[in-house]
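Enquirer: Provided below: run13.cif, containing mmCIF, C-alpha atoms and all ligand atoms.
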```
data_data
#
loop_
_atom_site.label_atom_id
_atom_site.label_comp_id
_atom_site.auth_asym_id
_atom_site.auth_seq_id
_atom_site.Cartn_x
_atom_site.Cartn_y
_atom_site.Cartn_z
CA MET A 1 -125.84 1.31 -56.12
CA THR A 2 -124.59 -0.04 -59.44
CA THR A 3 -120.89 -0.14 -60.15
CA SER A 4 -121.33 2.72 -62.62
CA GLN A 5 -123.03 4.81 -59.92
CA GLN A 6 -120.27 4.04 -57.43
CA LEU A 7 -117.61 4.98 -59.97
CA PHE A 8 -119.48 8.17 -60.83
CA GLU A 9 -119.67 9.22 -57.16
CA LYS A 10 -115.92 8.77 -56.86
CA ALA A 11 -115.24 10.40 -60.25
CA LYS A 12 -117.15 13.54 -59.21
CA GLU A 13 -114.68 14.01 -56.37
CA LEU A 14 -111.73 13.82 -58.73
CA ILE A 15 -112.83 15.11 -62.16
CA PRO A 16 -114.99 18.18 -62.94
CA GLY A 17 -118.54 16.82 -63.16
CA GLY A 18 -117.09 13.30 -62.98
CA VAL A 19 -116.34 13.17 -66.72
CA ASN A 20 -113.64 14.18 -69.15
CA SER A 21 -116.13 15.58 -71.64
CA PRO A 22 -119.34 17.27 -70.46
CA VAL A 23 -121.94 15.63 -72.68
CA ARG A 24 -121.03 12.21 -71.17
CA ALA A 25 -122.39 13.22 -67.75
CA PHE A 26 -126.07 12.59 -68.62
CA ARG A 27 -126.85 16.12 -67.32
CA ALA A 28 -129.34 16.65 -70.18
CA VAL A 29 -131.20 13.39 -69.61
CA GLY A 30 -130.84 12.92 -65.87
CA GLY A 31 -129.56 9.93 -63.99
CA SER A 32 -126.03 8.61 -63.68
CA PRO A 33 -123.84 7.87 -66.69
CA LEU A 34 -122.88 4.31 -67.60
CA PHE A 35 -119.21 3.53 -67.15
CA ILE A 36 -118.23 1.43 -70.14
CA LYS A 37 -115.89 -1.53 -69.63
CA SER A 38 -115.58 -2.87 -73.19
CA ALA A 39 -117.18 -2.98 -76.62
CA LYS A 40 -117.26 -5.28 -79.64
CA GLY A 41 -118.95 -4.78 -82.99
CA PRO A 42 -122.39 -3.22 -82.40
CA TYR A 43 -122.35 -3.64 -78.64
CA ILE A 44 -120.96 -1.84 -75.62
CA TYR A 45 -120.77 -3.41 -72.16
CA ASP A 46 -120.98 -1.41 -68.93
CA GLU A 47 -119.26 -2.06 -65.61
CA ASP A 48 -122.35 -3.90 -64.39
CA GLY A 49 -122.20 -6.41 -67.22
CA ARG A 50 -125.13 -4.99 -69.17
CA SER A 51 -124.90 -4.82 -72.96
CA TYR A 52 -126.35 -2.16 -75.22
CA ILE A 53 -126.81 -1.73 -78.96
CA GLU A 54 -124.46 1.16 -79.72
CA LEU A 55 -125.74 4.18 -81.69
CA ILE A 56 -123.04 6.69 -80.66
CA ASN A 57 -119.86 4.79 -81.61
CA SER A 58 -117.60 7.15 -79.67
CA TRP A 59 -119.38 10.12 -81.35
CA GLY A 60 -118.41 8.91 -84.81
CA PRO A 61 -115.03 7.13 -84.98
CA MET A 62 -116.22 3.53 -84.63
CA ILE A 63 -117.95 3.50 -88.03
CA LEU A 64 -116.85 -0.10 -88.62
CA GLY A 65 -118.05 -1.24 -85.22
CA HIS A 66 -116.01 -1.60 -82.06
CA ALA A 67 -112.73 -3.56 -81.96
CA PHE A 68 -112.60 -3.85 -85.75
CA GLU A 69 -109.87 -6.48 -86.21
CA PRO A 70 -107.71 -4.83 -88.92
CA VAL A 71 -107.49 -1.64 -86.83
CA GLU A 72 -106.74 -3.59 -83.67
CA GLN A 73 -104.04 -5.63 -85.43
CA ALA A 74 -102.44 -2.48 -86.87
CA VAL A 75 -102.12 -1.07 -83.35
CA ARG A 76 -100.79 -4.36 -81.94
CA ASP A 77 -98.11 -4.34 -84.64
CA ALA A 78 -97.23 -0.67 -84.09
CA ILE A 79 -96.82 -0.74 -80.31
CA GLN A 80 -93.86 -3.15 -80.65
CA HIS A 81 -91.77 -0.27 -81.99
CA SER A 82 -92.29 2.28 -79.19
CA PHE A 83 -95.24 4.69 -78.99
CA SER A 84 -93.83 8.01 -80.09
CA PHE A 85 -90.70 9.50 -81.62
CA GLY A 86 -91.45 13.20 -82.09
CA ALA A 87 -89.81 12.85 -85.47
CA PRO A 88 -91.18 12.40 -89.00
CA THR A 89 -92.29 8.87 -89.91
CA ARG A 90 -93.25 6.95 -93.06
CA LYS A 91 -96.81 6.48 -91.76
CA GLU A 92 -97.42 10.25 -91.70
CA VAL A 93 -96.52 10.39 -95.39
CA GLU A 94 -98.84 7.45 -96.12
CA MET A 95 -101.63 9.07 -94.09
CA ALA A 96 -101.29 12.41 -95.89
CA GLU A 97 -101.24 10.66 -99.26
CA LEU A 98 -104.36 8.63 -98.42
CA ILE A 99 -106.36 11.61 -97.09
CA ILE A 100 -105.42 13.68 -100.15
CA SER A 101 -106.47 10.84 -102.47
CA MET A 102 -109.85 10.52 -100.70
CA VAL A 103 -110.62 14.24 -100.40
CA PRO A 104 -109.59 16.00 -103.66
CA SER A 105 -109.99 19.54 -102.27
CA VAL A 106 -107.18 18.73 -99.81
CA GLU A 107 -103.88 19.41 -101.58
CA LYS A 108 -101.82 19.51 -98.36
CA VAL A 109 -102.73 18.31 -94.87
CA ARG A 110 -101.40 18.71 -91.34
CA MET A 111 -102.10 16.11 -88.64
CA VAL A 112 -103.06 17.25 -85.13
CA ASN A 113 -104.57 15.50 -82.08
CA SER A 114 -108.22 16.52 -82.01
CA GLY A 115 -110.97 18.19 -83.99
CA THR A 116 -110.61 21.24 -81.77
CA GLU A 117 -106.95 21.62 -82.69
CA ALA A 118 -107.85 21.25 -86.35
CA THR A 119 -110.47 24.00 -86.32
CA MET A 120 -108.39 26.36 -84.22
CA ALA A 121 -105.49 25.96 -86.63
CA ALA A 122 -107.70 26.30 -89.71
CA ILE A 123 -109.05 29.71 -88.70
CA ARG A 124 -105.56 30.87 -87.71
CA VAL A 125 -104.25 29.93 -91.16
CA ALA A 126 -107.22 31.66 -92.81
CA ARG A 127 -106.51 34.81 -90.78
CA GLY A 128 -102.83 34.63 -91.68
CA PHE A 129 -103.63 34.08 -95.35
CA THR A 130 -106.17 36.93 -95.65
CA GLY A 131 -104.76 39.37 -93.09
CA ARG A 132 -108.31 39.67 -91.75
CA ASP A 133 -109.54 39.04 -88.17
CA LYS A 134 -113.22 38.09 -88.16
CA ILE A 135 -114.84 34.70 -88.72
CA ILE A 136 -118.43 33.68 -89.38
CA LYS A 137 -119.94 30.60 -87.75
CA PHE A 138 -123.54 29.40 -87.47
CA GLU A 139 -125.73 29.24 -84.35
CA GLY A 140 -125.84 25.68 -83.09
CA CYS A 141 -122.77 24.52 -84.96
CA TYR A 142 -119.98 23.15 -82.81
CA HIS A 143 -116.35 23.28 -83.87
CA GLY A 144 -114.65 22.15 -80.67
CA HIS A 145 -113.91 24.14 -77.54
CA GLY A 146 -111.57 26.77 -79.01
CA ASP A 147 -112.46 30.26 -77.66
CA SER A 148 -113.51 31.61 -81.07
CA PHE A 149 -116.09 28.86 -81.45
CA LEU A 150 -117.82 28.99 -78.06
CA ILE A 151 -120.21 31.61 -79.39
CA ALA A 152 -123.73 30.26 -79.99
CA ALA A 153 -122.12 26.82 -79.98
CA GLY A 154 -123.95 23.52 -80.29
CA SER A 155 -123.26 20.03 -78.90
CA GLY A 156 -122.31 19.98 -75.23
CA ALA A 157 -122.31 23.80 -75.03
CA MET A 158 -125.96 23.80 -76.13
CA THR A 159 -126.76 20.77 -73.99
CA MET A 160 -125.32 22.43 -70.88
CA GLY A 161 -127.07 25.71 -71.69
CA VAL A 162 -123.81 27.66 -72.17
CA PRO A 163 -123.56 28.21 -75.93
CA ASP A 164 -121.64 31.39 -75.04
CA SER A 165 -119.09 30.19 -72.48
CA PRO A 166 -117.70 32.30 -69.63
CA GLY A 167 -113.94 32.67 -69.95
CA VAL A 168 -114.08 33.72 -73.60
CA THR A 169 -112.93 37.34 -73.73
CA LYS A 170 -115.09 40.07 -75.24
CA ALA A 171 -112.29 40.82 -77.66
CA THR A 172 -112.26 37.25 -78.91
CA ALA A 173 -116.04 37.05 -79.10
CA ALA A 174 -116.15 40.32 -81.06
CA ASP A 175 -114.27 38.64 -83.91
CA THR A 176 -116.82 35.83 -84.20
CA LEU A 177 -119.95 36.74 -86.17
CA THR A 178 -122.91 34.36 -86.14
CA ALA A 179 -125.86 33.68 -88.41
CA PRO A 180 -128.75 31.19 -88.33
CA TYR A 181 -127.97 27.99 -90.23
CA ASN A 182 -129.60 27.84 -93.68
CA ASP A 183 -129.95 31.65 -93.74
CA LEU A 184 -127.98 32.96 -96.72
CA ALA A 185 -129.44 36.46 -96.43
CA ALA A 186 -128.10 36.79 -92.89
CA VAL A 187 -124.63 35.81 -94.09
CA GLU A 188 -124.83 38.37 -96.90
CA VAL A 189 -125.69 41.12 -94.39
CA LEU A 190 -122.76 40.14 -92.17
CA LEU A 191 -120.38 40.24 -95.13
CA GLU A 192 -121.70 43.62 -96.33
CA ASN A 193 -121.49 45.10 -92.81
CA ASN A 194 -117.98 43.73 -92.26
CA HIS A 195 -116.54 44.45 -95.68
CA ASN A 196 -113.03 43.00 -96.15
CA GLN A 197 -112.87 42.08 -92.44
CA VAL A 198 -113.97 38.44 -92.58
CA ALA A 199 -111.15 35.91 -92.91
CA ALA A 200 -113.16 32.70 -92.87
CA LEU A 201 -116.60 31.20 -92.75
CA ILE A 202 -116.67 27.82 -90.97
CA LEU A 203 -119.63 25.47 -90.97
CA GLU A 204 -120.70 21.90 -90.56
CA PRO A 205 -121.85 21.04 -94.12
CA VAL A 206 -124.34 18.75 -92.43
CA VAL A 207 -124.86 19.70 -88.80
CA GLY A 208 -124.59 17.03 -86.15
CA ASN A 209 -124.26 19.31 -83.16
CA MET A 210 -127.76 20.64 -82.76
CA GLY A 211 -129.02 17.24 -83.70
CA CYS A 212 -128.79 16.30 -87.37
CA VAL A 213 -129.69 19.31 -89.54
CA LEU A 214 -129.34 19.27 -93.32
CA PRO A 215 -128.35 22.17 -95.58
CA GLU A 216 -131.41 23.35 -97.53
CA PRO A 217 -131.13 23.15 -101.33
CA GLY A 218 -128.86 25.93 -102.54
CA PHE A 219 -127.47 26.80 -99.11
CA LEU A 220 -123.99 25.36 -99.54
CA GLU A 221 -123.81 26.64 -103.14
CA GLY A 222 -124.81 30.09 -101.90
CA ILE A 223 -122.18 30.03 -99.15
CA ARG A 224 -119.54 29.06 -101.68
CA SER A 225 -120.38 31.92 -104.02
CA LEU A 226 -120.59 34.48 -101.17
CA CYS A 227 -117.13 33.40 -100.00
CA ASP A 228 -115.81 33.73 -103.56
CA LYS A 229 -117.38 37.17 -103.92
CA HIS A 230 -115.92 38.48 -100.63
CA GLY A 231 -112.53 36.72 -100.65
CA VAL A 232 -113.48 34.66 -97.56
CA VAL A 233 -111.82 31.30 -96.87
CA LEU A 234 -114.56 28.64 -96.79
CA ILE A 235 -113.85 26.00 -94.14
CA PHE A 236 -115.91 22.79 -94.09
CA ASP A 237 -115.74 21.34 -90.62
CA GLU A 238 -115.98 17.64 -91.54
CA VAL A 239 -114.80 16.29 -88.20
CA MET A 240 -118.15 14.50 -87.99
CA THR A 241 -119.20 14.14 -91.65
CA GLY A 242 -115.78 13.36 -93.09
CA PHE A 243 -115.40 9.81 -94.37
CA ARG A 244 -118.90 9.12 -92.98
CA LEU A 245 -121.37 10.73 -95.41
CA ALA A 246 -119.28 9.51 -98.34
CA ARG A 247 -115.73 8.33 -98.91
CA GLY A 248 -114.87 12.00 -99.54
CA GLY A 249 -117.24 13.34 -96.91
CA ALA A 250 -120.08 15.84 -97.25
CA GLN A 251 -118.16 17.84 -99.88
CA GLU A 252 -118.23 14.78 -102.17
CA ARG A 253 -121.90 14.11 -101.42
CA PHE A 254 -122.98 17.70 -102.11
CA GLY A 255 -120.40 18.51 -104.78
CA ILE A 256 -119.14 21.70 -103.09
CA THR A 257 -115.42 22.42 -102.82
CA PRO A 258 -114.25 24.22 -99.67
CA ASP A 259 -110.91 26.00 -99.38
CA LEU A 260 -110.00 24.20 -96.15
CA THR A 261 -111.40 21.07 -94.48
CA THR A 262 -111.08 20.07 -90.86
CA MET A 263 -111.15 16.38 -89.99
CA GLY A 264 -111.13 14.13 -86.94
CA LYS A 265 -112.90 11.17 -85.35
CA ILE A 266 -112.88 8.49 -88.08
CA ILE A 267 -109.36 9.37 -89.28
CA GLY A 268 -107.98 8.21 -85.95
CA GLY A 269 -109.88 4.91 -85.89
CA GLY A 270 -110.66 5.68 -82.25
CA MET A 271 -107.26 7.14 -81.40
CA PRO A 272 -106.80 10.90 -80.75
CA VAL A 273 -106.32 12.36 -84.24
CA GLY A 274 -107.42 15.53 -86.03
CA ALA A 275 -106.28 17.09 -89.28
CA TYR A 276 -106.75 20.20 -91.38
CA GLY A 277 -105.93 20.64 -95.04
CA GLY A 278 -106.93 22.22 -98.30
CA ARG A 279 -105.63 24.57 -100.95
CA ARG A 280 -101.85 24.43 -101.36
CA ASP A 281 -101.49 28.24 -101.39
CA ILE A 282 -103.25 28.46 -98.03
CA MET A 283 -101.59 25.43 -96.40
CA ASP A 284 -98.14 26.64 -97.43
CA MET A 285 -98.70 29.45 -94.93
CA VAL A 286 -98.29 26.88 -92.13
CA SER A 287 -94.97 26.69 -90.28
CA PRO A 288 -92.30 25.74 -91.15
CA ALA A 289 -93.30 26.29 -94.79
CA GLY A 290 -94.81 29.66 -93.90
CA PRO A 291 -95.22 32.05 -90.96
CA VAL A 292 -98.44 30.75 -89.37
CA TYR A 293 -97.35 28.77 -86.34
CA GLN A 294 -98.95 25.48 -85.27
CA ALA A 295 -97.28 22.52 -83.57
CA GLY A 296 -97.92 19.38 -81.47
CA THR A 297 -95.76 16.91 -79.54
CA LEU A 298 -97.89 13.92 -80.49
CA SER A 299 -99.10 15.11 -83.90
CA GLY A 300 -98.79 12.26 -86.41
CA ASN A 301 -98.18 9.81 -83.57
CA PRO A 302 -97.22 6.42 -85.07
CA ILE A 303 -99.79 4.43 -83.05
CA ALA A 304 -102.60 6.81 -83.98
CA MET A 305 -101.47 6.86 -87.61
CA SER A 306 -101.50 3.05 -87.66
CA ALA A 307 -105.09 2.95 -86.40
CA GLY A 308 -106.22 5.73 -88.72
CA LEU A 309 -104.49 4.23 -91.76
CA ALA A 310 -106.10 0.84 -91.15
CA MET A 311 -109.55 2.40 -90.85
CA LEU A 312 -109.25 4.75 -93.84
CA ARG A 313 -107.74 2.01 -96.02
CA HIS A 314 -110.71 -0.24 -95.22
CA LEU A 315 -113.16 2.56 -96.05
CA ASN A 316 -111.24 3.43 -99.20
CA ASP A 317 -111.06 -0.16 -100.42
CA ASN A 318 -114.62 -1.19 -99.50
CA PRO A 319 -117.17 1.23 -101.00
CA GLY A 320 -119.85 -1.25 -99.99
CA VAL A 321 -119.51 0.18 -96.48
CA TYR A 322 -121.18 3.38 -97.68
CA SER A 323 -124.08 1.67 -99.39
CA ARG A 324 -124.65 -0.38 -96.22
CA LEU A 325 -124.56 2.79 -94.08
CA GLU A 326 -127.19 4.35 -96.39
CA GLU A 327 -129.31 1.22 -96.06
CA ILE A 328 -129.08 1.21 -92.26
CA GLY A 329 -129.92 4.91 -92.00
CA THR A 330 -132.89 4.54 -94.31
CA LYS A 331 -134.22 1.46 -92.50
CA LEU A 332 -134.04 3.25 -89.15
CA HIS A 333 -135.69 6.35 -90.60
CA THR A 334 -138.51 4.33 -92.12
CA GLY A 335 -139.04 2.25 -88.99
CA PHE A 336 -139.08 5.27 -86.68
CA SER A 337 -141.41 7.16 -89.02
CA ASN A 338 -143.83 4.23 -89.14
CA SER A 339 -143.92 4.15 -85.34
CA LEU A 340 -144.54 7.89 -85.10
CA ALA A 341 -147.44 7.54 -87.55
CA LYS A 342 -148.83 4.54 -85.69
CA LEU A 343 -148.68 6.42 -82.36
CA GLY A 344 -149.97 9.66 -83.88
CA LEU A 345 -146.85 11.54 -82.77
CA PRO A 346 -145.92 14.53 -84.96
CA PHE A 347 -142.19 14.49 -84.18
CA THR A 348 -139.48 15.32 -86.72
CA ILE A 349 -136.78 13.01 -88.04
CA ASN A 350 -133.73 14.34 -89.90
CA GLN A 351 -131.54 11.70 -91.50
CA ILE A 352 -128.83 11.57 -94.09
CA GLY A 353 -126.79 8.43 -94.59
CA SER A 354 -125.71 7.17 -91.18
CA MET A 355 -126.50 10.42 -89.33
CA PHE A 356 -129.91 10.61 -87.72
CA THR A 357 -131.88 12.55 -85.10
CA LEU A 358 -135.44 12.12 -83.77
CA PHE A 359 -136.40 15.61 -82.60
CA MET A 360 -139.11 15.81 -79.92
CA THR A 361 -140.83 18.70 -81.70
CA GLU A 362 -143.48 18.95 -84.38
CA ARG A 363 -141.61 21.77 -86.11
CA SER A 364 -139.32 20.97 -89.00
CA VAL A 365 -135.75 21.50 -87.76
CA SER A 366 -133.44 23.47 -90.03
CA ASN A 367 -131.70 25.73 -87.52
CA PHE A 368 -130.85 26.44 -83.85
CA ALA A 369 -134.17 28.12 -83.07
CA ASP A 370 -136.13 25.15 -84.43
CA ALA A 371 -134.01 22.66 -82.46
CA LYS A 372 -134.62 24.60 -79.25
CA THR A 373 -138.39 23.96 -79.48
CA CYS A 374 -137.81 20.31 -78.56
CA ASP A 375 -139.43 18.89 -75.41
CA LEU A 376 -136.23 18.14 -73.46
CA PRO A 377 -137.84 16.43 -70.43
CA LEU A 378 -139.67 14.12 -72.85
CA PHE A 379 -136.36 13.37 -74.58
CA GLY A 380 -134.84 12.49 -71.20
CA ARG A 381 -137.64 10.01 -70.43
CA TYR A 382 -137.34 8.56 -73.94
CA PHE A 383 -133.56 8.24 -73.59
CA HIS A 384 -133.87 6.20 -70.39
CA ALA A 385 -136.66 4.06 -71.81
CA MET A 386 -134.38 3.19 -74.72
CA LEU A 387 -131.51 2.48 -72.30
CA GLU A 388 -133.77 0.11 -70.33
CA ARG A 389 -134.46 -1.67 -73.63
CA GLY A 390 -130.74 -2.03 -74.32
CA VAL A 391 -130.26 0.80 -76.82
CA TYR A 392 -127.53 3.38 -76.18
CA LEU A 393 -128.40 6.79 -77.68
CA ALA A 394 -126.53 10.08 -77.41
CA PRO A 395 -127.47 11.50 -73.97
CA SER A 396 -128.64 14.77 -75.50
CA GLN A 397 -131.35 15.90 -77.89
CA PHE A 398 -128.76 18.14 -79.54
CA GLU A 399 -126.58 15.37 -80.93
CA SER A 400 -126.74 13.18 -84.01
CA LEU A 401 -126.71 9.41 -83.84
CA PHE A 402 -123.87 7.65 -85.64
CA VAL A 403 -124.56 4.10 -86.76
CA SER A 404 -121.85 1.65 -87.68
CA VAL A 405 -121.86 -1.05 -90.32
CA ALA A 406 -121.84 -3.59 -87.49
CA LEU A 407 -125.59 -2.96 -87.03
CA THR A 408 -127.33 -6.01 -88.49
CA ASP A 409 -130.88 -6.03 -89.87
CA GLU A 410 -131.95 -7.97 -86.80
CA LEU A 411 -130.50 -5.31 -84.50
CA ILE A 412 -132.13 -2.56 -86.58
CA ASP A 413 -135.48 -4.23 -85.97
CA GLN A 414 -134.69 -4.40 -82.24
CA VAL A 415 -133.90 -0.69 -82.20
CA ILE A 416 -137.12 0.12 -84.07
CA GLN A 417 -139.15 -1.98 -81.63
CA ALA A 418 -137.41 -0.38 -78.63
CA ASN A 419 -138.13 3.06 -80.10
CA GLU A 420 -141.85 2.35 -80.49
CA GLU A 421 -142.11 1.01 -76.93
CA SER A 422 -140.07 3.93 -75.55
CA LEU A 423 -142.20 6.53 -77.31
CA THR A 424 -145.25 4.84 -75.82
CA VAL A 425 -144.02 4.95 -72.22
CA ALA A 426 -142.07 8.23 -72.31
C1 LIG B 501 -118.18 19.11 -86.18
C2 LIG B 501 -117.22 19.00 -85.05
N1 LIG B 501 -116.09 19.75 -85.07
C3 LIG B 501 -115.19 19.69 -84.06
C4 LIG B 501 -115.40 18.86 -82.96
C5 LIG B 501 -114.36 18.83 -81.87
O1 LIG B 501 -113.60 17.64 -81.97
P1 LIG B 501 -112.82 17.11 -80.66
O2 LIG B 501 -111.94 18.25 -80.18
O3 LIG B 501 -113.89 16.76 -79.64
O4 LIG B 501 -112.05 15.91 -81.17
C6 LIG B 501 -116.56 18.06 -82.89
C7 LIG B 501 -116.78 17.18 -81.67
N2 LIG B 501 -118.03 16.48 -81.63
C8 LIG B 501 -118.56 16.19 -80.32
C9 LIG B 501 -119.89 15.47 -80.52
N3 LIG B 501 -120.92 16.38 -80.87
C10 LIG B 501 -117.60 15.42 -79.48
C11 LIG B 501 -118.22 14.78 -78.25
C12 LIG B 501 -117.78 15.46 -77.00
O5 LIG B 501 -117.67 16.70 -76.99
O6 LIG B 501 -117.55 14.73 -76.01
C13 LIG B 501 -117.48 18.14 -83.95
O7 LIG B 501 -118.63 17.40 -83.95
#
```
Go ahead and express the file in the form of structure tokens.
Ligand SMILES: Cc1ncc(COP(=O)(O)O)c(CN[C@@H](CN)CCC(=O)O)c1O

Expert:
Amino acid sequence: MTTSQQLFEKAKELIPGGVNSPVRAFRAVGGSPLFIKSAKGPYIYDEDGRSYIELINSWGPMILGHAFEPVEQAVRDAIQHSFSFGAPTRKEVEMAELIISMVPSVEKVRMVNSGTEATMAAIRVARGFTGRDKIIKFEGCYHGHGDSFLIAAGSGAMTMGVPDSPGVTKATAADTLTAPYNDLAAVEVLLENNHNQVAALILEPVVGNMGCVLPEPGFLEGIRSLCDKHGVVLIFDEVMTGFRLARGGAQERFGITPDLTTMGKIIGGGMPVGAYGGRRDIMDMVSPAGPVYQAGTLSGNPIAMSAGLAMLRHLNDNPGVYSRLEEIGTKLHTGFSNSLAKLGLPFTINQIGSMFTLFMTERSVSNFADAKTCDLPLFGRYFHAMLERGVYLAPSQFESLFVSVALTDELIDQVIQANEESLTVA
């Protein structure tokens, strides 16, 4: 047995499924998960000393590559002054100022500790602001593990086959309405049939959690105008797309202004950080400014703020990062497409910037139903073939890849070669 396998056997005795987040368990692809010992730049290293080219990057945060020195140094400096005070700090002011300068729709922002906390708080604020109870989400979108979101959820919920989780009460589920992604007409029907009852519509402006799925032309514009027409708070869940698809996230790239934005991943630089923010009139509903309660012992933690500030400052001051991410995404897309053509495989690739998914289906993928036509056993064989060739993909068909700027042209070519070989043997 490898060290990873030994650790996994022990972990399964101690931790549900042997992991602290389900998608890590390799359930969707079979086999035993790698236990990672360290990482640097574009590589991760497992407990058995094997190295892999990294295309997950901790599901998004490590956009600058692992162990990026300015972030590491910021944390080294911060830990000399204790880890947490539970009191306001200068860094939280600097973080709020920086986020607001990078995302113009955010007039006020509250730091929390995960994307899940951010989305849970955002819909609570929207409900408090509108006095309405229902929310609309899209099938296959994932907004964290809050009860209201585990209805037709994507990511791990979809991967594990439980998009509607047990433990979520019927009463809670009744307040969550769902529609197919990219289906404006379905949203219009929901709004007409639930007149003045819908507080918020939350969506991934580019979906990562059923694999990468793009909004069709006019979809986001249509959602915006429907929300305006019906007095619904529009929440862009940019936990994944924020600071990745552009300096100002998907809303900058697509030119659509949401009322609230939820953030996470990159803003923590790898530390546990989430945030929600948006219109001042809505955010001033949040305690202690307003009556909507939300709190957190470690919210705005000085170590996490130090890491997040260092990462966001680098992204803010180096726009070349985004042009390089576009270049990497395009090179991978082109290389993978050429291999599919060469092998006569009719599979679908969705890619935008540094988000990318090769779907094992010949259907175009623009919603949950399309994504579910993928050949999952084939994906599992492909995943392991890539792993054997030293490329670390997301262990699920229903996840996006997240490249970092640490991926050199030489490594891109290696990934493209590994892909062609893996498609051949899978
Ligand atoms: C759009 C979006 N919104 C919210 C979340 C939840 O964030 P966290 O609570 O995991 O920090 C996520 C979390 N993403 C998954 C990856 N698909 C996290 C990986 C995992 O669950 O282990 C997200 O993608």

Enquirer: Would you kindly return, as JSON, numbers by chain, each protein, DNA or RNA residue with an atom no farther than 6 Å from any atom of region 53-63 of chain A, considering all atoms listed in the file and excluding same-chain residues fewer than 4 positions away?

Expert: {"A": [42, 43, 265, 266, 269, 270, 391, 392, 393, 394, 401, 402, 403, 404]}

Enquirer: Counting all atoms listed in the file, what residues are within 6 Å of ligand LIG 501 (chain B), given as a list in words?

Expert: Ser21, Val23, Trp59, Ser114, Gly115, Thr116, Tyr142, His143, Gly144, Ser155, Gly156, Glu204, Asn209, Asp237, Glu238, Val239, Met240 and Glu399 of chain A

Enquirer: For Phe243 (chain A), which residue among A:Leu98, A:Leu358, A:Ser82, A:Ala304 is the nearest when counting only C-alpha atoms?

Expert: A:Leu98

Enquirer: What is the distance, in Å and to one decimal place, between CA of Phe149 (chain A) and CA of Asp375 (chain A)?

Expert: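 Pair CA of Phe149 (chain A) / CA of Asp375 (chain A) returns 26.1 Å.
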
Enquirer: Which residue is closest to Ile416 (chain A)? Choose from A:Ala78, A:Leu214, A:Leu332, A:Ala173 and count all atoms listed in the file.

Expert: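 Ranking A:Ala78, A:Leu214, A:Leu332, A:Ala173 by distance to Ile416 (chain A), first place goes to A:Leu332.
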
Enquirer: Sort by chain and increasing residue number a table of all residues of region 299-352 of chain A within 12 Å of region 253-264 of chain A, each with its closest pair of atoms and their distance in Å to one decimal, counting all atoms listed in the file, and write it as JSON lines.

Expert:
```
{"residue": "A:Ala304", "atom": "CA", "partner": "A:Gly264", "partner_atom": "CA", "distance": 11.6}
{"residue": "A:Gly308", "atom": "CA", "partner": "A:Gly264", "partner_atom": "CA", "distance": 9.9}
{"residue": "A:Leu312", "atom": "CA", "partner": "A:Gly264", "partner_atom": "CA", "distance": 11.8}
{"residue": "A:Tyr322", "atom": "CA", "partner": "A:Arg253", "partner_atom": "CA", "distance": 11.4}
{"residue": "A:Ile352", "atom": "CA", "partner": "A:Arg253", "partner_atom": "CA", "distance": 10.4}
```

Enquirer: Which one of A:Glu92, A:Asp317, A:Glu221, A:Glu13 sits closest to Arg110 (chain A) if you count all atoms listed in the file?

Expert: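 Nearest candidate to Arg110 (chain A) out of A:Glu92, A:Asp317, A:Glu221, A:Glu13: A:Glu92.
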
Enquirer: Just how far from CA of Gly140 (chain A) is CA of Met386 (chain A), in Å to one decimal?

Expert: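 Straight-line distance from CA of Met386 (chain A) to CA of Gly140 (chain A) works out to 25.5 Å.
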
Enquirer: Contacts of Asn350 (chain A) at 8 Å or less, counting all atoms listed in the file, minus same-chain residues fewer than 5 places along, as a short mmCIF file (atom, residue, chain, number, x, y, z; two decimals) with C-alpha atoms, keeping the file's coordinate frame?

Expert:
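Dumped to around.cif:
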```
data_model
loop_
_atom_site.label_atom_id
_atom_site.label_comp_id
_atom_site.auth_asym_id
_atom_site.auth_seq_id
_atom_site.Cartn_x
_atom_site.Cartn_y
_atom_site.Cartn_z
CA CYS A 212 -128.79 16.30 -87.37
CA VAL A 213 -129.69 19.31 -89.54
CA LEU A 214 -129.34 19.27 -93.32
CA PHE A 356 -129.91 10.61 -87.72
CA THR A 357 -131.88 12.55 -85.10
CA LEU A 358 -135.44 12.12 -83.77
CA PHE A 359 -136.40 15.61 -82.60
CA VAL A 365 -135.75 21.50 -87.76
#
```

Enquirer: Nearest to Cys227 (chain A) among A:Glu192, A:Asp413, A:Glu252, A:Glu94, with distances taken over all atoms listed in the file: which residue is it?

Expert: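 Once distances to Cys227 (chain A) are computed over all atoms listed in the file, the minimum belongs to A:Glu192.
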
Enquirer: Counting only C-alpha atoms, which of A:Pro88, A:Gly18, A:Pro217, A:Pro291 gets nearest to Asp183 (chain A)?

Expert: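 Smallest separation from Asp183 (chain A) among the options: A:Pro217.
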
Enquirer: Considering only C-alpha atoms, state which residue in the set A:His230, A:Arg24, A:Lys12, A:Arg389 is at the smallest distance from Thr130 (chain A).

Expert: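 Comparing A:His230, A:Arg24, A:Lys12, A:Arg389 against Thr130 (chain A), the winner is A:His230.
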